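File shown: protein06.txt (compact mmCIF, C-alpha atoms).
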```txt
# COMPACT_ATOMS: atom_id res chain seq x y z
CA MET A 1 117.81 118.95 94.09
CA THR A 2 120.02 119.22 97.15
CA GLU A 3 123.55 118.09 96.66
CA PRO A 4 125.35 115.43 98.69
CA LYS A 5 128.62 116.38 100.40
CA HIS A 6 130.21 112.93 100.17
CA TYR A 7 130.28 110.03 97.74
CA PHE A 8 131.28 106.62 99.03
CA ALA A 9 131.52 103.24 97.26
CA PRO A 10 132.21 100.62 99.96
CA THR A 11 133.75 97.27 99.01
CA SER A 12 132.56 95.32 102.05
CA LEU A 13 129.41 95.00 104.11
CA ASP A 14 131.27 96.25 107.21
CA GLN A 15 132.25 99.46 105.41
CA ALA A 16 128.73 99.94 104.12
CA VAL A 17 126.94 99.61 107.46
CA GLU A 18 129.65 101.63 109.22
CA CYS A 19 128.90 104.45 106.79
CA LEU A 20 125.17 104.19 107.60
CA LYS A 21 125.85 104.91 111.29
CA ASP A 22 125.37 108.65 110.99
CA GLY A 23 121.95 108.05 109.40
CA ASP A 24 122.20 110.78 106.76
CA VAL A 25 122.90 108.53 103.80
CA THR A 26 121.12 107.87 100.51
CA ILE A 27 121.75 104.35 99.26
CA LEU A 28 122.34 103.82 95.54
CA ALA A 29 121.96 100.32 94.07
CA GLY A 30 120.63 99.97 90.51
CA GLY A 31 119.55 103.60 90.42
CA THR A 32 116.54 103.08 88.12
CA ASP A 33 114.20 104.63 90.70
CA LEU A 34 116.67 106.86 92.53
CA THR A 35 117.67 108.72 89.35
CA PRO A 36 114.20 109.91 88.28
CA GLN A 37 113.07 110.46 91.88
CA SER A 38 116.07 112.62 92.75
CA GLN A 39 116.05 114.51 89.46
CA SER A 40 112.37 115.33 89.68
CA GLY A 41 112.90 116.64 93.21
CA LYS A 42 110.61 113.98 94.70
CA LEU A 43 113.50 112.67 96.77
CA ARG A 44 116.30 114.64 98.38
CA ILE A 45 119.74 113.02 98.23
CA LYS A 46 121.18 113.16 101.72
CA GLN A 47 124.60 114.27 102.99
CA THR A 48 126.28 111.10 101.74
CA LEU A 49 125.53 109.17 98.55
CA MET A 50 126.62 105.57 99.06
CA ASN A 51 126.93 103.28 96.04
CA ILE A 52 126.66 99.68 97.31
CA ARG A 53 127.36 97.97 93.96
CA ARG A 54 130.78 96.72 95.04
CA VAL A 55 129.64 94.97 98.22
CA PRO A 56 130.04 91.26 97.44
CA GLU A 57 127.91 90.12 100.41
CA LEU A 58 124.85 91.62 98.68
CA THR A 59 125.03 89.47 95.55
CA GLY A 60 124.16 85.95 94.52
CA ILE A 61 121.34 83.45 94.80
CA THR A 62 122.16 80.54 97.09
CA LEU A 63 120.45 77.52 98.60
CA GLU A 64 121.07 77.55 102.37
CA GLY A 65 119.42 74.61 104.14
CA ASP A 66 115.74 74.73 103.24
CA GLU A 67 115.89 78.40 102.26
CA ILE A 68 116.95 80.28 99.19
CA ARG A 69 118.72 83.55 99.79
CA ILE A 70 118.57 86.21 97.11
CA GLY A 71 121.12 89.00 97.63
CA ALA A 72 119.76 92.53 97.66
CA LEU A 73 121.80 93.52 94.59
CA THR A 74 120.44 90.70 92.42
CA THR A 75 118.91 92.21 89.30
CA ILE A 76 115.45 91.32 88.04
CA THR A 77 117.03 89.71 84.94
CA GLU A 78 119.34 87.60 87.13
CA ILE A 79 116.35 86.40 89.16
CA MET A 80 114.41 85.45 86.01
CA GLU A 81 117.33 83.49 84.60
CA ASN A 82 118.38 81.72 87.79
CA ALA A 83 117.89 77.93 87.85
CA LEU A 84 117.01 77.76 91.59
CA VAL A 85 114.39 80.48 91.28
CA LYS A 86 112.92 78.94 88.13
CA GLN A 87 112.68 75.57 89.84
CA HIS A 88 111.23 76.67 93.19
CA PHE A 89 109.58 80.04 92.67
CA PRO A 90 108.09 80.23 89.15
CA VAL A 91 105.62 82.81 90.53
CA LEU A 92 108.52 85.20 91.15
CA VAL A 93 109.80 84.64 87.61
CA GLU A 94 106.33 85.43 86.29
CA ALA A 95 106.22 88.74 88.18
CA CYS A 96 109.74 89.63 87.02
CA ASP A 97 108.67 88.94 83.44
CA HIS A 98 106.07 91.74 83.80
CA PHE A 99 108.59 94.13 85.38
CA ALA A 100 109.22 97.33 83.37
CA SER A 101 111.41 96.69 80.29
CA ASP A 102 114.52 94.65 79.48
CA GLN A 103 116.78 97.69 80.02
CA ILE A 104 115.35 98.28 83.50
CA ARG A 105 115.24 94.59 84.46
CA ASN A 106 118.96 94.38 83.62
CA VAL A 107 119.78 96.97 86.28
CA ALA A 108 116.97 97.23 88.84
CA THR A 109 117.66 95.24 92.00
CA LEU A 110 115.41 93.16 94.23
CA GLY A 111 116.61 95.10 97.28
CA GLY A 112 115.71 98.34 95.54
CA ASN A 113 112.23 97.14 94.64
CA ILE A 114 111.67 96.19 98.30
CA CYS A 115 113.10 99.39 99.80
CA ASN A 116 111.18 101.62 97.40
CA ALA A 117 108.10 100.07 98.97
CA SER A 118 105.76 101.01 96.17
CA PRO A 119 102.22 99.71 96.73
CA ALA A 120 102.49 98.50 93.12
CA GLY A 121 106.01 97.00 93.33
CA ASP A 122 105.97 93.97 91.02
CA THR A 123 108.16 91.57 92.99
CA LEU A 124 106.54 92.34 96.34
CA ILE A 125 103.30 90.45 95.75
CA PRO A 126 104.94 87.09 94.92
CA LEU A 127 107.43 87.61 97.76
CA LEU A 128 104.53 88.17 100.16
CA VAL A 129 102.69 85.01 99.15
CA LEU A 130 105.96 83.06 99.36
CA ASP A 131 106.37 84.21 103.00
CA ALA A 132 109.70 85.88 102.24
CA SER A 133 111.67 87.53 105.01
CA VAL A 134 113.96 90.54 104.70
CA GLU A 135 117.55 90.38 105.97
CA LEU A 136 118.93 93.55 107.52
CA ALA A 137 122.42 94.46 108.72
CA SER A 138 123.63 97.31 110.89
CA MET A 139 126.53 98.17 113.18
CA PRO A 140 125.11 99.51 116.43
CA GLU A 141 128.45 99.00 118.21
CA ALA A 142 131.71 97.84 116.71
CA THR A 143 130.42 94.63 115.18
CA LEU A 144 127.98 93.70 112.51
CA TYR A 145 124.46 92.97 113.70
CA ARG A 146 122.08 91.02 111.47
CA HIS A 147 118.43 90.28 111.88
CA SER A 148 115.47 89.54 109.68
CA MET A 149 111.76 90.23 109.67
CA PRO A 150 108.81 88.91 107.68
CA LEU A 151 108.23 90.96 104.54
CA SER A 152 104.55 91.14 105.53
CA THR A 153 105.50 93.43 108.45
CA PHE A 154 108.15 95.43 106.56
CA PHE A 155 106.01 97.98 104.74
CA VAL A 156 104.40 100.88 106.60
CA GLY A 157 103.35 103.27 103.81
CA PRO A 158 104.13 104.35 100.26
CA GLY A 159 107.94 104.46 100.13
CA LYS A 160 108.13 103.76 103.86
CA THR A 161 109.46 100.64 105.57
CA ARG A 162 110.57 99.47 108.99
CA ARG A 163 114.21 99.68 107.91
CA SER A 164 115.92 102.17 110.19
CA LEU A 165 118.26 104.73 108.65
CA CYS A 166 121.25 102.80 110.04
CA GLU A 167 120.23 99.52 108.45
CA LEU A 168 120.98 98.00 105.09
CA VAL A 169 118.74 95.42 103.42
CA THR A 170 121.18 92.65 102.48
CA GLY A 171 118.80 90.17 100.90
CA VAL A 172 115.62 88.14 101.15
CA ARG A 173 115.12 84.59 102.32
CA ILE A 174 112.38 82.30 101.07
CA ARG A 175 111.69 78.81 102.29
CA VAL A 176 111.61 76.22 99.53
CA PRO A 177 107.96 75.21 99.26
CA GLY A 178 106.87 71.67 100.01
CA PRO A 179 104.99 69.30 97.69
CA ASN A 180 101.62 70.35 96.24
CA HIS A 181 102.52 74.00 96.57
CA ILE A 182 100.81 76.30 94.10
CA ALA A 183 101.45 80.00 93.52
CA HIS A 184 100.05 82.38 90.93
CA PHE A 185 100.49 86.04 90.08
CA HIS A 186 98.44 88.37 87.92
CA LYS A 187 99.29 91.95 87.03
CA LEU A 188 96.57 94.07 85.51
CA GLY A 189 97.70 97.03 83.44
CA THR A 190 97.09 98.74 80.14
CA ARG A 191 100.14 97.42 78.27
CA PRO A 192 102.53 94.55 78.89
CA ALA A 193 105.69 96.66 79.24
CA LEU A 194 106.70 99.59 81.43
CA ASP A 195 103.38 99.64 83.16
CA ILE A 196 102.65 100.33 86.78
CA SER A 197 100.03 97.88 88.03
CA THR A 198 96.43 99.01 88.21
CA ILE A 199 96.08 96.10 90.56
CA SER A 200 98.08 92.92 91.08
CA ILE A 201 97.19 89.69 92.84
CA GLY A 202 99.20 86.83 94.26
CA ILE A 203 97.64 83.59 95.49
CA ALA A 204 99.57 80.69 97.02
CA GLY A 205 98.91 77.65 99.15
CA THR A 206 99.00 73.90 99.34
CA LEU A 207 96.51 72.18 97.07
CA LYS A 208 95.79 68.61 98.02
CA GLU A 209 92.85 66.60 96.75
CA GLY A 210 91.06 69.78 95.75
CA ILE A 211 91.44 71.40 99.18
CA LEU A 212 93.47 74.60 99.53
CA SER A 213 95.39 75.15 102.78
CA ASN A 214 98.19 77.41 104.10
CA VAL A 215 96.56 80.04 101.94
CA ARG A 216 98.41 83.26 101.16
CA VAL A 217 96.71 86.07 99.24
CA ALA A 218 98.35 89.42 98.55
CA PHE A 219 97.14 92.46 96.63
CA GLY A 220 99.13 95.27 95.03
CA ALA A 221 98.03 98.85 94.33
CA VAL A 222 94.89 98.74 96.48
CA ALA A 223 96.34 100.18 99.73
CA PRO A 224 99.23 102.40 100.90
CA THR A 225 101.45 99.30 100.86
CA PRO A 226 101.35 95.89 99.19
CA VAL A 227 99.05 93.93 101.50
CA ARG A 228 98.20 90.44 102.63
CA ALA A 229 94.44 89.88 102.49
CA SER A 230 93.66 88.17 105.79
CA GLN A 231 89.90 87.90 105.37
CA THR A 232 90.23 86.45 101.88
CA GLU A 233 92.83 84.01 103.17
CA LYS A 234 90.58 82.95 106.03
CA ALA A 235 87.64 82.39 103.69
CA LEU A 236 89.78 80.16 101.48
CA GLU A 237 91.57 78.17 104.17
CA GLY A 238 90.69 74.49 104.10
CA GLN A 239 88.05 74.98 101.42
CA ARG A 240 87.31 72.95 98.33
CA LEU A 241 87.50 75.26 95.30
CA ASP A 242 84.00 74.85 93.90
CA ALA A 243 82.07 77.57 92.08
CA VAL A 244 80.14 78.65 95.19
CA THR A 245 83.29 79.05 97.32
CA ILE A 246 85.13 80.89 94.56
CA GLY A 247 82.23 83.31 94.07
CA LYS A 248 81.98 83.96 97.80
CA VAL A 249 85.73 84.46 98.23
CA ALA A 250 85.93 86.87 95.28
CA GLY A 251 83.22 88.97 96.96
CA ILE A 252 85.12 88.98 100.26
CA ALA A 253 88.26 90.07 98.40
CA ARG A 254 86.36 92.96 96.79
CA ASP A 255 84.99 94.09 100.14
CA GLU A 256 88.31 93.69 101.91
CA VAL A 257 90.36 96.10 99.78
CA LYS A 258 90.24 99.88 100.26
CA PRO A 259 91.81 101.34 97.12
CA ILE A 260 91.87 104.99 96.09
CA ASP A 261 91.08 106.85 92.87
CA ASP A 262 94.22 107.88 90.99
CA VAL A 263 95.50 108.43 87.45
CA ARG A 264 95.56 104.73 86.69
CA ALA A 265 92.06 103.76 87.85
CA THR A 266 89.15 104.59 90.10
CA ALA A 267 88.67 102.84 93.42
CA TRP A 268 85.47 101.29 92.06
CA TYR A 269 87.30 99.80 89.06
CA ARG A 270 90.06 98.43 91.27
CA LYS A 271 87.55 96.70 93.55
CA GLU A 272 85.74 95.20 90.56
CA MET A 273 89.01 93.94 89.11
CA ILE A 274 90.07 92.45 92.46
CA HIS A 275 86.75 90.56 92.41
CA ASN A 276 86.94 89.42 88.79
CA ILE A 277 90.59 88.44 88.70
CA THR A 278 90.56 86.71 92.08
CA LYS A 279 87.65 84.68 90.70
CA ARG A 280 89.48 83.95 87.47
CA MET A 281 92.69 82.93 89.25
CA LEU A 282 90.90 80.62 91.69
CA SER A 283 88.94 79.00 88.85
CA HIS A 284 92.22 78.44 87.10
CA VAL A 285 93.68 76.80 90.24
CA ALA A 286 90.56 74.63 90.59
CA GLN A 287 90.78 73.42 87.01
CA ALA A 288 94.51 72.73 86.99
CA MET B 289 129.22 123.87 94.82
CA LEU B 290 128.51 120.52 93.20
CA LEU B 291 130.39 117.54 94.56
CA LYS B 292 132.66 116.04 91.88
CA HIS B 293 134.10 112.56 91.76
CA ASP B 294 136.84 111.20 89.49
CA ILE B 295 136.00 108.00 87.69
CA GLU B 296 137.85 105.78 85.25
CA PHE B 297 136.12 103.42 82.87
CA THR B 298 136.35 101.89 79.41
CA LEU B 299 134.30 103.76 76.83
CA ASN B 300 133.98 102.07 73.44
CA GLY B 301 137.21 100.19 74.06
CA VAL B 302 139.23 103.21 75.20
CA LYS B 303 140.15 104.01 78.83
CA ARG B 304 138.66 107.32 79.96
CA GLN B 305 139.09 109.40 83.06
CA VAL B 306 136.35 111.89 83.82
CA SER B 307 135.45 114.12 86.72
CA VAL B 308 131.66 114.10 87.14
CA ASP B 309 129.07 115.65 89.44
CA VAL B 310 128.01 112.79 91.70
CA THR B 311 124.31 113.34 90.94
CA THR B 312 124.74 113.49 87.15
CA ASN B 313 123.33 110.63 85.12
CA THR B 314 125.35 108.71 82.56
CA LEU B 315 123.41 110.13 79.61
CA ALA B 316 124.27 113.70 80.62
CA MET B 317 127.92 112.74 81.11
CA LEU B 318 128.12 111.11 77.68
CA ARG B 319 126.48 114.01 75.87
CA ASP B 320 127.56 117.09 77.83
CA VAL B 321 130.89 116.15 79.42
CA ILE B 322 132.38 113.72 76.89
CA GLY B 323 130.59 115.04 73.81
CA LEU B 324 129.23 111.77 72.42
CA THR B 325 125.77 112.82 71.22
CA GLY B 326 124.75 109.61 69.44
CA THR B 327 122.93 108.50 72.60
CA LYS B 328 119.65 110.43 72.68
CA TYR B 329 117.67 112.07 75.45
CA GLY B 330 114.00 111.18 74.98
CA CYS B 331 112.04 111.11 78.23
CA GLY B 332 114.67 111.08 80.98
CA GLU B 333 112.77 108.50 83.01
CA GLY B 334 113.36 105.14 81.37
CA GLU B 335 110.14 104.98 79.37
CA CYS B 336 111.42 105.49 75.81
CA GLY B 337 114.76 103.68 75.45
CA ALA B 338 116.34 106.39 73.23
CA CYS B 339 119.29 106.55 75.65
CA THR B 340 120.00 102.79 75.64
CA ILE B 341 123.67 101.87 76.01
CA GLN B 342 125.47 98.70 77.10
CA VAL B 343 127.42 98.41 80.35
CA ASP B 344 129.39 95.23 81.12
CA GLY B 345 127.51 93.52 78.28
CA VAL B 346 123.94 94.36 79.28
CA SER B 347 121.65 97.02 77.88
CA LEU B 348 120.31 99.75 80.13
CA ASN B 349 118.82 103.22 80.09
CA SER B 350 121.73 105.64 80.53
CA CYS B 351 119.34 108.29 81.87
CA LEU B 352 118.63 106.00 84.85
CA MET B 353 122.26 105.34 85.72
CA PHE B 354 124.38 107.56 87.94
CA ALA B 355 127.52 108.57 86.03
CA VAL B 356 129.71 107.74 89.07
CA ASP B 357 128.45 104.17 88.74
CA CYS B 358 130.38 103.85 85.45
CA ASP B 359 133.59 103.70 87.50
CA GLY B 360 135.61 100.62 86.58
CA ARG B 361 133.09 99.35 84.05
CA ASP B 362 132.93 98.67 80.34
CA VAL B 363 130.60 101.08 78.55
CA THR B 364 129.55 100.83 74.90
CA THR B 365 127.53 103.49 73.10
CA ILE B 366 126.19 103.67 69.54
CA GLU B 367 129.50 105.30 68.52
CA GLY B 368 131.33 102.18 69.74
CA LEU B 369 129.02 99.91 67.81
CA ALA B 370 129.42 102.07 64.68
CA ASN B 371 133.10 101.09 64.58
CA ASP B 372 132.45 97.43 65.29
CA SER B 373 132.35 95.19 62.24
CA LYS B 374 130.37 92.64 64.27
CA ALA B 375 127.45 95.07 64.11
CA ASP B 376 127.56 95.32 60.30
CA ALA B 377 124.73 92.83 59.79
CA LEU B 378 122.44 94.75 62.13
CA ARG B 379 123.28 98.10 60.53
CA GLU B 380 122.73 96.72 57.03
CA ALA B 381 119.43 95.12 58.03
CA PHE B 382 118.12 98.47 59.32
CA VAL B 383 119.07 100.14 56.03
CA GLU B 384 117.70 97.36 53.84
CA HIS B 385 114.37 97.17 55.65
CA GLY B 386 113.86 100.91 55.88
CA ALA B 387 113.82 100.63 59.66
CA VAL B 388 114.93 104.25 60.07
CA GLN B 389 112.41 107.04 59.66
CA CYS B 390 113.23 110.21 61.63
CA GLY B 391 116.09 108.28 63.22
CA PHE B 392 115.79 109.57 66.77
CA CYS B 393 115.00 106.18 68.31
CA THR B 394 117.52 104.37 66.09
CA PRO B 395 120.64 104.49 68.31
CA GLY B 396 118.64 103.11 71.25
CA MET B 397 116.91 100.52 69.05
CA ILE B 398 120.26 99.35 67.66
CA MET B 399 121.87 99.09 71.11
CA GLN B 400 118.92 97.12 72.44
CA ALA B 401 118.69 94.93 69.32
CA ASP B 402 122.41 94.17 69.57
CA HIS B 403 121.99 93.09 73.20
CA LEU B 404 118.94 91.01 72.32
CA LEU B 405 120.71 89.28 69.44
CA HIS B 406 123.71 88.42 71.61
CA LYS B 407 121.36 86.69 74.03
CA HIS B 408 119.05 85.19 71.40
CA PRO B 409 120.89 85.01 68.05
CA HIS B 410 117.83 83.51 66.33
CA ALA B 411 115.15 85.68 67.94
CA ASP B 412 111.78 85.41 66.17
CA ALA B 413 109.37 88.32 65.72
CA ASP B 414 107.63 87.69 69.04
CA SER B 415 110.82 87.69 71.08
CA VAL B 416 112.09 90.74 69.20
CA LYS B 417 108.86 92.56 70.09
CA ARG B 418 109.33 91.63 73.74
CA GLY B 419 113.00 92.56 73.58
CA ILE B 420 112.37 96.08 72.31
CA GLU B 421 109.30 96.82 74.41
CA GLY B 422 111.33 99.40 76.30
CA ASN B 423 112.05 101.35 73.10
CA LEU B 424 109.51 103.75 71.65
CA CYS B 425 109.41 104.87 68.00
CA ARG B 426 107.26 107.99 67.66
CA CYS B 427 107.15 107.44 63.88
CA THR B 428 105.58 104.08 64.82
CA GLY B 429 107.82 102.26 62.36
CA TYR B 430 107.85 99.12 64.48
CA LYS B 431 107.04 96.66 61.70
CA LYS B 432 110.16 97.49 59.74
CA ILE B 433 112.30 97.62 62.87
CA VAL B 434 111.11 94.16 63.94
CA ASP B 435 111.60 92.84 60.38
CA ALA B 436 115.14 94.20 60.31
CA ILE B 437 116.14 92.65 63.64
CA VAL B 438 114.58 89.28 62.75
CA ALA B 439 116.40 89.33 59.40
CA VAL B 440 119.79 89.47 61.14
CA ASP B 441 119.12 85.85 62.25
CA GLY B 442 122.37 84.38 63.48
CA ALA B 443 124.63 87.00 61.90
CA VAL B 444 125.42 88.85 65.16
CA LYS B 445 128.06 86.99 67.15
```
Structure translated into structure tokens:
Amino acid sequence: MTEPKHYFAPTSLDQAVECLKDGDVTILAGGTDLTPQSQSGKLRIKQTLMNIRRVPELTGITLEGDEIRIGALTTITEIMENALVKQHFPVLVEACDHFASDQIRNVATLGGNICNASPAGDTLIPLLVLDASVELASMPEATLYRHSMPLSTFFVGPGKTRRSLCELVTGVRIRVPGPNHIAHFHKLGTRPALDISTISIGIAGTLKEGILSNVRVAFGAVAPTPVRASQTEKALEGQRLDAVTIGKVAGIARDEVKPIDDVRATAWYRKEMIHNITKRMLSHVAQA
Amino acid sequence: MLLKHDIEFTLNGVKRQVSVDVTTNTLAMLRDVIGLTGTKYGCGEGECGACTIQVDGVSLNSCLMFAVDCDGRDVTTIEGLANDSKADALREAFVEHGAVQCGFCTPGMIMQADHLLHKHPHADADSVKRGIEGNLCRCTGYKKIVDAIVAVDGAVK
């Protein structure tokens, strides 16, 4: 492992993004992924190691207008136990409940899960179907510059995102869903704890009088990034969830994904499971 | 030359100052720099829970925590719990139920059980099983471990 030359623990957002200006910085938040990745040599720690734990602007879960903002440093346990999240985004709580183990949930941060950009990242699928956006901050000149982008455009490859080296992810924003909103998540693995998804599925939308609209479908671990499934969404949009539609949509989902063979499963198995579990989840929605 | 950083934190109720390599993890600092070997190295990647400690009141895998991140925080290891009378009930339950076989997972199990019981003083077998799912016992003595933690019922405050 290469060794950093500087260690910095900023206490404000300004200090943190100022430090990022030179672009040769490794950001430390919870550390549950950075530690094993750096110690196994998979990731090189850059010139400066910056510990962002003491940046207050990165914490907290707040209702701002019709959006809920979750600070990047919020731990998975904090998300699961938060009243606003439980009330508005039970699908996110469900995904957090399947996240690693208690010890890791107590430390791992939402910002870290997003920036690690694993195709199998547990929180990413519910965030995608909830239309979350990512907040970024940087300091191109002398003042803080903030912008945000939809999470669905944030991921570009395994471990790769559109965040530039000078930017810090400060949080995510999710609009509070309207009435009749439904959202479901399923993680398929071999054991309940400490498992990396073989596949995962998120389905959300507005269900009114049996018709599903504003459909969002996302799949994990079937592509280089977590993905929205546009063809599956299109096939579901405005449809009544009867057995014929569900069967057809599950087939489209299977044909839409392009997974690979790896240690956890073959591509064939992943496609079959996308088919079967999409079908099961939609049947569940139809019956509810 | 490894970059060192001076940190100050509370370890088992006592203020400590340590100079650590910035890339060292907390487990290595506890065992190799400070000399507290009660916290065990099992897998080094957060799968086994043998290195579980508590920081600011929550349990975590010390192998997954940068040692520099201990700066200013309150760290408790199995040695700290050993001197804490509030943990008597948990210790006695492990002995009574034969929840210790080879003993390697025990410090991590105890630290995690203590955290679990602070959050859920009356945890039933199902929530205990969920609570310790990040702790492996290679002797597979889970039944007795779960029995022991359930038996503490309300005695950890």
* Polymer residues at most 12 Å from A:Val93, all atoms listed in the file, same-chain spacing of 2 or more positions, as a PyMOL selection string -> chain A and resi 75-91+95-99+105+122-123+125-127+183-186
Write a file of the just-selected residues containing C-alpha atoms, as a PDB file, in the frame of the given file.
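Everything below was put into again-v8.pdb:
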```
ATOM      1  CA  THR A  75     118.910  92.210  89.300  1.00  0.00           C
ATOM      2  CA  ILE A  76     115.450  91.320  88.040  1.00  0.00           C
ATOM      3  CA  THR A  77     117.030  89.710  84.940  1.00  0.00           C
ATOM      4  CA  GLU A  78     119.340  87.600  87.130  1.00  0.00           C
ATOM      5  CA  ILE A  79     116.350  86.400  89.160  1.00  0.00           C
ATOM      6  CA  MET A  80     114.410  85.450  86.010  1.00  0.00           C
ATOM      7  CA  GLU A  81     117.330  83.490  84.600  1.00  0.00           C
ATOM      8  CA  ASN A  82     118.380  81.720  87.790  1.00  0.00           C
ATOM      9  CA  ALA A  83     117.890  77.930  87.850  1.00  0.00           C
ATOM     10  CA  LEU A  84     117.010  77.760  91.590  1.00  0.00           C
ATOM     11  CA  VAL A  85     114.390  80.480  91.280  1.00  0.00           C
ATOM     12  CA  LYS A  86     112.920  78.940  88.130  1.00  0.00           C
ATOM     13  CA  GLN A  87     112.680  75.570  89.840  1.00  0.00           C
ATOM     14  CA  HIS A  88     111.230  76.670  93.190  1.00  0.00           C
ATOM     15  CA  PHE A  89     109.580  80.040  92.670  1.00  0.00           C
ATOM     16  CA  PRO A  90     108.090  80.230  89.150  1.00  0.00           C
ATOM     17  CA  VAL A  91     105.620  82.810  90.530  1.00  0.00           C
ATOM     18  CA  ALA A  95     106.220  88.740  88.180  1.00  0.00           C
ATOM     19  CA  CYS A  96     109.740  89.630  87.020  1.00  0.00           C
ATOM     20  CA  ASP A  97     108.670  88.940  83.440  1.00  0.00           C
ATOM     21  CA  HIS A  98     106.070  91.740  83.800  1.00  0.00           C
ATOM     22  CA  PHE A  99     108.590  94.130  85.380  1.00  0.00           C
ATOM     23  CA  ARG A 105     115.240  94.590  84.460  1.00  0.00           C
ATOM     24  CA  ASP A 122     105.970  93.970  91.020  1.00  0.00           C
ATOM     25  CA  THR A 123     108.160  91.570  92.990  1.00  0.00           C
ATOM     26  CA  ILE A 125     103.300  90.450  95.750  1.00  0.00           C
ATOM     27  CA  PRO A 126     104.940  87.090  94.920  1.00  0.00           C
ATOM     28  CA  LEU A 127     107.430  87.610  97.760  1.00  0.00           C
ATOM     29  CA  ALA A 183     101.450  80.000  93.520  1.00  0.00           C
ATOM     30  CA  HIS A 184     100.050  82.380  90.930  1.00  0.00           C
ATOM     31  CA  PHE A 185     100.490  86.040  90.080  1.00  0.00           C
ATOM     32  CA  HIS A 186      98.440  88.370  87.920  1.00  0.00           C
TER      33      HIS A 186
END
```
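The nearest approach to chain B among the residues A:Val172, A:Cys166, A:Val25, A:Leu194, with only C-alpha atoms taken into account, belongs to A:Leu194.
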* Using all atoms listed in the file, can you list as a PyMOL selection string the residues within 9 Å of (110.7, 93.6, 63.9)? -> chain B and resi 387+412-414+416-417+420+430-439
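Restricting the calculation to all atoms listed in the file, the smallest distance between B:Cys331 and any of A:Ser101, A:Pro36, A:Gln287, A:Thr225 is found for A:Pro36.
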* Please, which residues of chain A lie no more than 10 Å from chain B when the count uses only C-alpha atoms, and can they be set out as an NGL selection string? -> :A and (1-9 or 28-40 or 45 or 49 or 51-53 or 100-108 or 191-195)
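Pairwise distance (atom CA of B:Arg379, atom CA of B:Leu424) equals 18.6 Å.
Closest approach to A:Thr170 among A:Thr232, A:Thr11, A:Asn113, A:Thr59 is made by A:Thr59 (distances from all atoms listed in the file).
Between A:Ala16 and the candidates A:Gln47, A:Thr62, A:Ser138, A:Ser152, the tightest atom-to-atom separation, counting only C-alpha atoms, involves A:Ser138.
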* **Selection: 12 Å around stretch 264-266 of chain A, all atoms listed in the file, excl. self and same-chain fewer than 2 positions, as a PyMOL selection string** => chain A and resi 120+188-190+195-199+221-222+258-262+268-273
Generate the output file for the selected residues, C-alpha atoms, as a PDB file, keeping the file's coordinate frame.
```pdb
ATOM      1  CA  ALA A 120     102.490  98.500  93.120  1.00  0.00           C
ATOM      2  CA  LEU A 188      96.570  94.070  85.510  1.00  0.00           C
ATOM      3  CA  GLY A 189      97.700  97.030  83.440  1.00  0.00           C
ATOM      4  CA  THR A 190      97.090  98.740  80.140  1.00  0.00           C
ATOM      5  CA  ASP A 195     103.380  99.640  83.160  1.00  0.00           C
ATOM      6  CA  ILE A 196     102.650 100.330  86.780  1.00  0.00           C
ATOM      7  CA  SER A 197     100.030  97.880  88.030  1.00  0.00           C
ATOM      8  CA  THR A 198      96.430  99.010  88.210  1.00  0.00           C
ATOM      9  CA  ILE A 199      96.080  96.100  90.560  1.00  0.00           C
ATOM     10  CA  ALA A 221      98.030  98.850  94.330  1.00  0.00           C
ATOM     11  CA  VAL A 222      94.890  98.740  96.480  1.00  0.00           C
ATOM     12  CA  LYS A 258      90.240  99.880 100.260  1.00  0.00           C
ATOM     13  CA  PRO A 259      91.810 101.340  97.120  1.00  0.00           C
ATOM     14  CA  ILE A 260      91.870 104.990  96.090  1.00  0.00           C
ATOM     15  CA  ASP A 261      91.080 106.850  92.870  1.00  0.00           C
ATOM     16  CA  ASP A 262      94.220 107.880  90.990  1.00  0.00           C
ATOM     17  CA  TRP A 268      85.470 101.290  92.060  1.00  0.00           C
ATOM     18  CA  TYR A 269      87.300  99.800  89.060  1.00  0.00           C
ATOM     19  CA  ARG A 270      90.060  98.430  91.270  1.00  0.00           C
ATOM     20  CA  LYS A 271      87.550  96.700  93.550  1.00  0.00           C
ATOM     21  CA  GLU A 272      85.740  95.200  90.560  1.00  0.00           C
ATOM     22  CA  MET A 273      89.010  93.940  89.110  1.00  0.00           C
TER      23      MET A 273
END
```
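Here the question is which of B:His408, B:Ala338, B:Val308, B:Glu380 gets nearest to B:Asp294 using only C-alpha atoms, and that residue is B:Val308.
The space separating atom CA of A:Glu167 from atom CA of A:Thr109 comes to 17.2 Å.
The closest residue to B:Thr298, picked from B:Cys358, B:Ala401, B:Leu378, B:Cys393 and counting all atoms listed in the file, is B:Cys358.
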* **atom CA of A:Leu130 to atom CA of A:Ala288, straight-line distance in Å** => 19.8 Å
Could you give me the centre and size, in Å to one decimal, of an axis-aligned box around all listed atoms of stretch 120-131 of chain A with 4 Å added on every side, as lines of an AutoDock Vina configuration file?
```
center_x = 105.3
center_y = 90.8
center_z = 97.0
size_x = 13.7
size_y = 23.4
size_z = 20.0
```
* Asked: Which residues, written as JSON, numbers by chain, have at least one atom at most 12 Å from A:Glu237, with all atoms listed in the file counted and residues fewer than 3 positions away on the same chain left out?
  -> {"A": [203, 204, 205, 206, 207, 210, 211, 212, 213, 214, 215, 216, 217, 230, 231, 232, 233, 234, 240, 241, 245, 246, 249]}
* Surrounding residues of stretch 66-69 of chain A excluding itself and chain neighbours under 3 positions, 6 Å, only C-alpha atoms, as number ranges by chain -> A: 61-63, 172-176
